[in-house]
Each structure stands twice: as C-alpha cells, then as structure tokens.
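Engineer: I have a structure I would like to understand better, so I am pasting it below and will then ask my questions one at a time.
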Amino acid sequence: MGGEILNHTASSLKMLAEGFPETPIVVWLNPHDGPVRSGNLRFEDFKIYQECSGHFHAILQIPVTNKDTLGRDLRELFGRYQTFAAALACADLRIATRLCLKRYWEKIIGLVEQAHIAE
C-alpha cells in the first residue's frame, strides 16, 4: 500500500493530532488493501509517526483475513450495515459464518482490551 491514499491518510492523521493535542489517538492499521507500508518503511518508520507518536495512545493492527472466506463474510456484514451483534443473532446466517464472525469480533475486542480503550 502507499501512494496518494497513504499520503492523504497520514496528512489527515497529522491534522487530528495537531487539532486535538490533548486527546490521545488510537491508530488502526487496516491491511485490507495490503500491508500499511511505504516501500520498506513500516508505519512506525513514517514521518507522521516520528512527528506525532506522542499523541498516539495505541497503534492497533486489524487482523488480516482470508478475502475469499471471512473477507467475504465481512463484506456482506458491512454491506447489510449490520453490527457484529446483529449478525451473530441472525438465524438466516449459516452457523459456520456466525462462528467465523464471532471469532473475528473476539480478536477485535481483544485488541481493544489490550490497548485499554474500552470502558
């Protein structure tokens, strides 16, 4: 990943950090379109990280999924504008689909708890 989208996202993140200097920021690195990298540089090597890391409460990596299985289930979930809770309670979904979504949601909750950002 890289290019204009990455530059725009970094610029927006910098504006947030500068606009809300007292507010800790949680950065979610989303590998949906590939690793969050620019050439050989990881996020922690980016200029934005060097300049604004003091504003970051946590940097969380969204778990990578298989685009053909769980990725498809997530696209359908988001396409229906459903929450994970609604999907897990939906009798119309296959049990296997609900189980995969449940496991993925538990990973996300684990990240949130590890970063101490849940109340």
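Residues in the structure tokens are named by chain (A, B, ... in the order shown) and by number from 1 within that chain; ligands are numbered from 1 in the order shown.
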What parts of chain A does DSSP call strand (DSSP E or B)? I'd like the answer as a PyMOL selection string.

Structural biologist: chain A and resi 25-29+37-38+41-42+56-61

Engineer: Kindly indicate which residue among A:Lys107, A:Arg94, A:Arg75, A:His55 lies nearest to Leu13 of chain A, using only C-alpha atoms for the distances.

Structural biologist: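 Nearest to Leu13 of chain A: A:His55.
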
Engineer: Could you check the closest approach to Val27 of chain A for each of A:Arg98, A:Lys14, A:His116, A:His57 and tell me which residue wins, using only C-alpha atoms?

Structural biologist: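 Of A:Arg98, A:Lys14, A:His116, A:His57, the one nearest Val27 of chain A, counting only C-alpha atoms, is A:His57.
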
Engineer: If we count only C-alpha atoms, what is near Leu6 of chain A at a cut-off of 12 Å, once residues fewer than 3 positions away on the same chain are taken out, given as a list of chain:residue names?

Structural biologist: A:Met1, A:Gly2, A:Gly3, A:Thr9, A:Ala10, A:Ser11, A:Ser12, A:Leu13, A:Leu29, A:Asn30, A:Pro31, A:Asp33, A:Gly34, A:Pro35, A:Val36, A:Arg37, A:Ser38, A:Gly39, A:Arg42, A:Phe43, A:Phe46, A:Lys47, A:Ile48

Engineer: Enumerate as a PDB file with N, CA and C atoms, in the first residue's frame all residues of chain A assigned to helix (DSSP H, G or I) by DSSP on the backbone, naming them with the chain letters and numbers the document uses.

Structural biologist:
ATOM      1  N   GLY A   3       1.248   5.438  -1.875  1.00  0.00           N
ATOM      2  CA  GLY A   3       0.736   6.405  -2.823  1.00  0.00           C
ATOM      3  C   GLY A   3      -0.175   7.445  -2.203  1.00  0.00           C
ATOM      4  N   GLU A   4      -1.089   7.918  -3.028  1.00  0.00           N
ATOM      5  CA  GLU A   4      -1.932   9.051  -2.651  1.00  0.00           C
ATOM      6  C   GLU A   4      -2.833   8.753  -1.453  1.00  0.00           C
ATOM      7  N   ILE A   5      -3.396   7.553  -1.393  1.00  0.00           N
ATOM      8  CA  ILE A   5      -4.274   7.212  -0.259  1.00  0.00           C
ATOM      9  C   ILE A   5      -3.487   7.265   1.041  1.00  0.00           C
ATOM     10  N   LEU A   6      -2.314   6.696   1.038  1.00  0.00           N
ATOM     11  CA  LEU A   6      -1.479   6.694   2.235  1.00  0.00           C
ATOM     12  C   LEU A   6      -1.085   8.117   2.618  1.00  0.00           C
ATOM     13  N   ASN A   7      -0.727   8.921   1.642  1.00  0.00           N
ATOM     14  CA  ASN A   7      -0.361  10.318   1.920  1.00  0.00           C
ATOM     15  C   ASN A   7      -1.539  11.093   2.495  1.00  0.00           C
ATOM     16  N   HIS A   8      -2.722  10.902   1.922  1.00  0.00           N
ATOM     17  CA  HIS A   8      -3.915  11.589   2.416  1.00  0.00           C
ATOM     18  C   HIS A   8      -4.241  11.159   3.849  1.00  0.00           C
ATOM     19  N   THR A   9      -4.149   9.864   4.117  1.00  0.00           N
ATOM     20  CA  THR A   9      -4.437   9.356   5.456  1.00  0.00           C
ATOM     21  C   THR A   9      -3.436   9.905   6.466  1.00  0.00           C
ATOM     22  N   ALA A  10      -2.157   9.922   6.115  1.00  0.00           N
ATOM     23  CA  ALA A  10      -1.137  10.457   7.019  1.00  0.00           C
ATOM     24  C   ALA A  10      -1.359  11.939   7.273  1.00  0.00           C
ATOM     25  N   SER A  11      -1.709  12.678   6.235  1.00  0.00           N
ATOM     26  CA  SER A  11      -1.979  14.105   6.385  1.00  0.00           C
ATOM     27  C   SER A  11      -3.185  14.333   7.302  1.00  0.00           C
ATOM     28  N   SER A  12      -4.225  13.546   7.126  1.00  0.00           N
ATOM     29  CA  SER A  12      -5.410  13.670   7.983  1.00  0.00           C
ATOM     30  C   SER A  12      -5.089  13.310   9.425  1.00  0.00           C
ATOM     31  N   LEU A  13      -4.282  12.295   9.621  1.00  0.00           N
ATOM     32  CA  LEU A  13      -3.879  11.900  10.970  1.00  0.00           C
ATOM     33  C   LEU A  13      -3.083  13.019  11.643  1.00  0.00           C
ATOM     34  N   LYS A  14      -2.209  13.655  10.887  1.00  0.00           N
ATOM     35  CA  LYS A  14      -1.438  14.777  11.429  1.00  0.00           C
ATOM     36  C   LYS A  14      -2.365  15.929  11.819  1.00  0.00           C
ATOM     37  N   MET A  15      -3.380  16.208  10.985  1.00  0.00           N
ATOM     38  CA  MET A  15      -4.336  17.272  11.308  1.00  0.00           C
ATOM     39  C   MET A  15      -5.098  16.944  12.588  1.00  0.00           C
ATOM     40  N   LEU A  16      -5.462  15.694  12.776  1.00  0.00           N
ATOM     41  CA  LEU A  16      -6.131  15.291  14.014  1.00  0.00           C
ATOM     42  C   LEU A  16      -5.224  15.512  15.225  1.00  0.00           C
ATOM     43  N   ALA A  17      -3.995  15.068  15.119  1.00  0.00           N
ATOM     44  CA  ALA A  17      -3.051  15.209  16.231  1.00  0.00           C
ATOM     45  C   ALA A  17      -2.809  16.680  16.576  1.00  0.00           C
ATOM     46  N   GLU A  18      -2.682  17.504  15.562  1.00  0.00           N
ATOM     47  CA  GLU A  18      -2.446  18.935  15.804  1.00  0.00           C
ATOM     48  C   GLU A  18      -3.719  19.649  16.254  1.00  0.00           C
ATOM     49  N   GLY A  19      -4.865  19.221  15.749  1.00  0.00           N
ATOM     50  CA  GLY A  19      -6.126  19.866  16.090  1.00  0.00           C
ATOM     51  C   GLY A  19      -6.651  19.501  17.469  1.00  0.00           C
ATOM     52  N   PRO A  31      -5.022  -3.584   7.008  1.00  0.00           N
ATOM     53  CA  PRO A  31      -4.320  -4.210   5.890  1.00  0.00           C
ATOM     54  C   PRO A  31      -5.244  -4.668   4.763  1.00  0.00           C
ATOM     55  N   HIS A  32      -6.448  -4.115   4.685  1.00  0.00           N
ATOM     56  CA  HIS A  32      -7.423  -4.549   3.682  1.00  0.00           C
ATOM     57  C   HIS A  32      -6.843  -4.519   2.268  1.00  0.00           C
ATOM     58  N   ASP A  33      -6.143  -3.462   1.918  1.00  0.00           N
ATOM     59  CA  ASP A  33      -5.546  -3.345   0.583  1.00  0.00           C
ATOM     60  C   ASP A  33      -4.071  -3.701   0.566  1.00  0.00           C
ATOM     61  N   PHE A  43       4.779   1.532   9.409  1.00  0.00           N
ATOM     62  CA  PHE A  43       4.131   2.721   9.930  1.00  0.00           C
ATOM     63  C   PHE A  43       5.003   3.419  10.967  1.00  0.00           C
ATOM     64  N   GLU A  44       5.645   2.644  11.830  1.00  0.00           N
ATOM     65  CA  GLU A  44       6.482   3.213  12.884  1.00  0.00           C
ATOM     66  C   GLU A  44       7.690   3.961  12.342  1.00  0.00           C
ATOM     67  N   ASP A  45       8.000   3.756  11.067  1.00  0.00           N
ATOM     68  CA  ASP A  45       9.111   4.463  10.421  1.00  0.00           C
ATOM     69  C   ASP A  45       8.651   5.698   9.640  1.00  0.00           C
ATOM     70  N   LYS A  47       7.175   9.372   8.677  1.00  0.00           N
ATOM     71  CA  LYS A  47       7.378  10.716   9.216  1.00  0.00           C
ATOM     72  C   LYS A  47       6.255  11.087  10.191  1.00  0.00           C
ATOM     73  N   ILE A  48       5.014  10.743   9.866  1.00  0.00           N
ATOM     74  CA  ILE A  48       3.881  11.074  10.736  1.00  0.00           C
ATOM     75  C   ILE A  48       4.050  10.432  12.111  1.00  0.00           C
ATOM     76  N   TYR A  49       4.561   9.221  12.144  1.00  0.00           N
ATOM     77  CA  TYR A  49       4.786   8.558  13.429  1.00  0.00           C
ATOM     78  C   TYR A  49       5.884   9.279  14.202  1.00  0.00           C
ATOM     79  N   GLN A  50       6.948   9.629  13.533  1.00  0.00           N
ATOM     80  CA  GLN A  50       8.057  10.317  14.191  1.00  0.00           C
ATOM     81  C   GLN A  50       7.599  11.660  14.765  1.00  0.00           C
ATOM     82  N   GLU A  51       6.755  12.364  14.024  1.00  0.00           N
ATOM     83  CA  GLU A  51       6.308  13.693  14.445  1.00  0.00           C
ATOM     84  C   GLU A  51       5.198  13.660  15.492  1.00  0.00           C
ATOM     85  N   CYS A  52       4.356  12.640  15.466  1.00  0.00           N
ATOM     86  CA  CYS A  52       3.135  12.676  16.277  1.00  0.00           C
ATOM     87  C   CYS A  52       2.976  11.504  17.240  1.00  0.00           C
ATOM     88  N   SER A  53       3.983  10.667  17.388  1.00  0.00           N
ATOM     89  CA  SER A  53       3.807   9.465  18.206  1.00  0.00           C
ATOM     90  C   SER A  53       3.421   9.778  19.648  1.00  0.00           C
ATOM     91  N   GLY A  54       3.769  10.948  20.141  1.00  0.00           N
ATOM     92  CA  GLY A  54       3.382  11.326  21.494  1.00  0.00           C
ATOM     93  C   GLY A  54       1.883  11.503  21.664  1.00  0.00           C
ATOM     94  N   HIS A  55       1.177  11.662  20.558  1.00  0.00           N
ATOM     95  CA  HIS A  55      -0.283  11.806  20.576  1.00  0.00           C
ATOM     96  C   HIS A  55      -0.992  10.462  20.505  1.00  0.00           C
ATOM     97  N   LEU A  70     -13.623 -15.349   5.280  1.00  0.00           N
ATOM     98  CA  LEU A  70     -14.031 -14.347   6.256  1.00  0.00           C
ATOM     99  C   LEU A  70     -14.144 -12.969   5.618  1.00  0.00           C
ATOM    100  N   GLY A  71     -13.277 -12.672   4.672  1.00  0.00           N
ATOM    101  CA  GLY A  71     -13.353 -11.383   3.976  1.00  0.00           C
ATOM    102  C   GLY A  71     -14.691 -11.209   3.287  1.00  0.00           C
ATOM    103  N   ARG A  72     -15.182 -12.272   2.665  1.00  0.00           N
ATOM    104  CA  ARG A  72     -16.498 -12.234   2.024  1.00  0.00           C
ATOM    105  C   ARG A  72     -17.596 -12.018   3.065  1.00  0.00           C
ATOM    106  N   ASP A  73     -17.491 -12.738   4.186  1.00  0.00           N
ATOM    107  CA  ASP A  73     -18.490 -12.594   5.251  1.00  0.00           C
ATOM    108  C   ASP A  73     -18.500 -11.168   5.800  1.00  0.00           C
ATOM    109  N   LEU A  74     -17.324 -10.578   5.954  1.00  0.00           N
ATOM    110  CA  LEU A  74     -17.252  -9.195   6.454  1.00  0.00           C
ATOM    111  C   LEU A  74     -17.834  -8.208   5.442  1.00  0.00           C
ATOM    112  N   ARG A  75     -17.537  -8.406   4.148  1.00  0.00           N
ATOM    113  CA  ARG A  75     -18.117  -7.524   3.120  1.00  0.00           C
ATOM    114  C   ARG A  75     -19.644  -7.593   3.153  1.00  0.00           C
ATOM    115  N   GLU A  76     -20.178  -8.800   3.311  1.00  0.00           N
ATOM    116  CA  GLU A  76     -21.636  -8.955   3.378  1.00  0.00           C
ATOM    117  C   GLU A  76     -22.195  -8.294   4.638  1.00  0.00           C
ATOM    118  N   LEU A  77     -21.525  -8.480   5.758  1.00  0.00           N
ATOM    119  CA  LEU A  77     -21.947  -7.861   7.018  1.00  0.00           C
ATOM    120  C   LEU A  77     -21.994  -6.343   6.875  1.00  0.00           C
ATOM    121  N   PHE A  78     -20.931  -5.763   6.358  1.00  0.00           N
ATOM    122  CA  PHE A  78     -20.870  -4.312   6.211  1.00  0.00           C
ATOM    123  C   PHE A  78     -21.842  -3.835   5.130  1.00  0.00           C
ATOM    124  N   GLY A  79     -22.043  -4.642   4.104  1.00  0.00           N
ATOM    125  CA  GLY A  79     -22.995  -4.296   3.051  1.00  0.00           C
ATOM    126  C   GLY A  79     -24.430  -4.244   3.556  1.00  0.00           C
ATOM    127  N   PHE A  84     -21.804  -6.584  14.472  1.00  0.00           N
ATOM    128  CA  PHE A  84     -21.444  -7.971  14.724  1.00  0.00           C
ATOM    129  C   PHE A  84     -22.516  -8.632  15.580  1.00  0.00           C
ATOM    130  N   ALA A  85     -23.015  -7.923  16.583  1.00  0.00           N
ATOM    131  CA  ALA A  85     -24.050  -8.482  17.463  1.00  0.00           C
ATOM    132  C   ALA A  85     -25.283  -8.888  16.663  1.00  0.00           C
ATOM    133  N   ALA A  86     -25.707  -8.039  15.730  1.00  0.00           N
ATOM    134  CA  ALA A  86     -26.876  -8.363  14.908  1.00  0.00           C
ATOM    135  C   ALA A  86     -26.611  -9.583  14.033  1.00  0.00           C
ATOM    136  N   ALA A  87     -25.430  -9.654  13.452  1.00  0.00           N
ATOM    137  CA  ALA A  87     -25.094 -10.790  12.597  1.00  0.00           C
ATOM    138  C   ALA A  87     -25.048 -12.083  13.404  1.00  0.00           C
ATOM    139  N   LEU A  88     -24.483 -12.021  14.596  1.00  0.00           N
ATOM    140  CA  LEU A  88     -24.375 -13.223  15.424  1.00  0.00           C
ATOM    141  C   LEU A  88     -25.748 -13.721  15.864  1.00  0.00           C
ATOM    142  N   ALA A  89     -26.716 -12.815  15.963  1.00  0.00           N
ATOM    143  CA  ALA A  89     -28.073 -13.191  16.367  1.00  0.00           C
ATOM    144  C   ALA A  89     -28.965 -13.537  15.185  1.00  0.00           C
ATOM    145  N   ILE A  95     -24.398 -21.224  10.489  1.00  0.00           N
ATOM    146  CA  ILE A  95     -23.697 -21.325  11.781  1.00  0.00           C
ATOM    147  C   ILE A  95     -22.201 -21.096  11.588  1.00  0.00           C
ATOM    148  N   ALA A  96     -21.636 -21.660  10.517  1.00  0.00           N
ATOM    149  CA  ALA A  96     -20.195 -21.501  10.257  1.00  0.00           C
ATOM    150  C   ALA A  96     -19.845 -20.027  10.053  1.00  0.00           C
ATOM    151  N   THR A  97     -20.705 -19.304   9.346  1.00  0.00           N
ATOM    152  CA  THR A  97     -20.468 -17.876   9.123  1.00  0.00           C
ATOM    153  C   THR A  97     -20.509 -17.128  10.444  1.00  0.00           C
ATOM    154  N   ARG A  98     -21.519 -17.415  11.253  1.00  0.00           N
ATOM    155  CA  ARG A  98     -21.620 -16.735  12.550  1.00  0.00           C
ATOM    156  C   ARG A  98     -20.426 -17.067  13.443  1.00  0.00           C
ATOM    157  N   LEU A  99     -19.960 -18.307  13.388  1.00  0.00           N
ATOM    158  CA  LEU A  99     -18.791 -18.699  14.193  1.00  0.00           C
ATOM    159  C   LEU A  99     -17.541 -17.940  13.745  1.00  0.00           C
ATOM    160  N   CYS A 100     -17.339 -17.822  12.441  1.00  0.00           N
ATOM    161  CA  CYS A 100     -16.177 -17.079  11.931  1.00  0.00           C
ATOM    162  C   CYS A 100     -16.253 -15.609  12.335  1.00  0.00           C
ATOM    163  N   LEU A 101     -17.441 -15.015  12.198  1.00  0.00           N
ATOM    164  CA  LEU A 101     -17.612 -13.614  12.597  1.00  0.00           C
ATOM    165  C   LEU A 101     -17.383 -13.441  14.091  1.00  0.00           C
ATOM    166  N   LYS A 102     -17.865 -14.377  14.876  1.00  0.00           N
ATOM    167  CA  LYS A 102     -17.683 -14.310  16.337  1.00  0.00           C
ATOM    168  C   LYS A 102     -16.201 -14.352  16.700  1.00  0.00           C
ATOM    169  N   ARG A 103     -15.461 -15.258  16.088  1.00  0.00           N
ATOM    170  CA  ARG A 103     -14.014 -15.360  16.368  1.00  0.00           C
ATOM    171  C   ARG A 103     -13.283 -14.076  15.973  1.00  0.00           C
ATOM    172  N   TYR A 104     -13.652 -13.527  14.821  1.00  0.00           N
ATOM    173  CA  TYR A 104     -13.009 -12.297  14.368  1.00  0.00           C
ATOM    174  C   TYR A 104     -13.335 -11.148  15.331  1.00  0.00           C
ATOM    175  N   TRP A 105     -14.596 -11.030  15.723  1.00  0.00           N
ATOM    176  CA  TRP A 105     -15.004  -9.976  16.658  1.00  0.00           C
ATOM    177  C   TRP A 105     -14.265 -10.124  17.985  1.00  0.00           C
ATOM    178  N   GLU A 106     -14.074 -11.338  18.446  1.00  0.00           N
ATOM    179  CA  GLU A 106     -13.326 -11.565  19.691  1.00  0.00           C
ATOM    180  C   GLU A 106     -11.879 -11.092  19.554  1.00  0.00           C
ATOM    181  N   LYS A 107     -11.285 -11.249  18.379  1.00  0.00           N
ATOM    182  CA  LYS A 107      -9.928 -10.723  18.146  1.00  0.00           C
ATOM    183  C   LYS A 107      -9.917  -9.197  18.248  1.00  0.00           C
ATOM    184  N   ILE A 108     -10.938  -8.556  17.645  1.00  0.00           N
ATOM    185  CA  ILE A 108     -11.019  -7.095  17.700  1.00  0.00           C
ATOM    186  C   ILE A 108     -11.188  -6.637  19.149  1.00  0.00           C
ATOM    187  N   ILE A 109     -12.080  -7.268  19.882  1.00  0.00           N
ATOM    188  CA  ILE A 109     -12.302  -6.922  21.289  1.00  0.00           C
ATOM    189  C   ILE A 109     -11.021  -7.133  22.087  1.00  0.00           C
ATOM    190  N   GLY A 110     -10.290  -8.186  21.778  1.00  0.00           N
ATOM    191  CA  GLY A 110      -9.009  -8.423  22.455  1.00  0.00           C
ATOM    192  C   GLY A 110      -8.033  -7.283  22.235  1.00  0.00           C
ATOM    193  N   LEU A 111      -7.988  -6.757  21.023  1.00  0.00           N
ATOM    194  CA  LEU A 111      -7.117  -5.613  20.728  1.00  0.00           C
ATOM    195  C   LEU A 111      -7.539  -4.388  21.534  1.00  0.00           C
ATOM    196  N   VAL A 112      -8.840  -4.148  21.582  1.00  0.00           N
ATOM    197  CA  VAL A 112      -9.371  -3.005  22.327  1.00  0.00           C
ATOM    198  C   VAL A 112      -9.034  -3.132  23.803  1.00  0.00           C
ATOM    199  N   GLU A 113      -9.222  -4.311  24.354  1.00  0.00           N
ATOM    200  CA  GLU A 113      -8.912  -4.522  25.771  1.00  0.00           C
ATOM    201  C   GLU A 113      -7.414  -4.395  26.043  1.00  0.00           C
ATOM    202  N   GLN A 114      -6.601  -4.932  25.162  1.00  0.00           N
ATOM    203  CA  GLN A 114      -5.143  -4.860  25.318  1.00  0.00           C
ATOM    204  C   GLN A 114      -4.667  -3.403  25.313  1.00  0.00           C
TER     205      GLN A 114
END
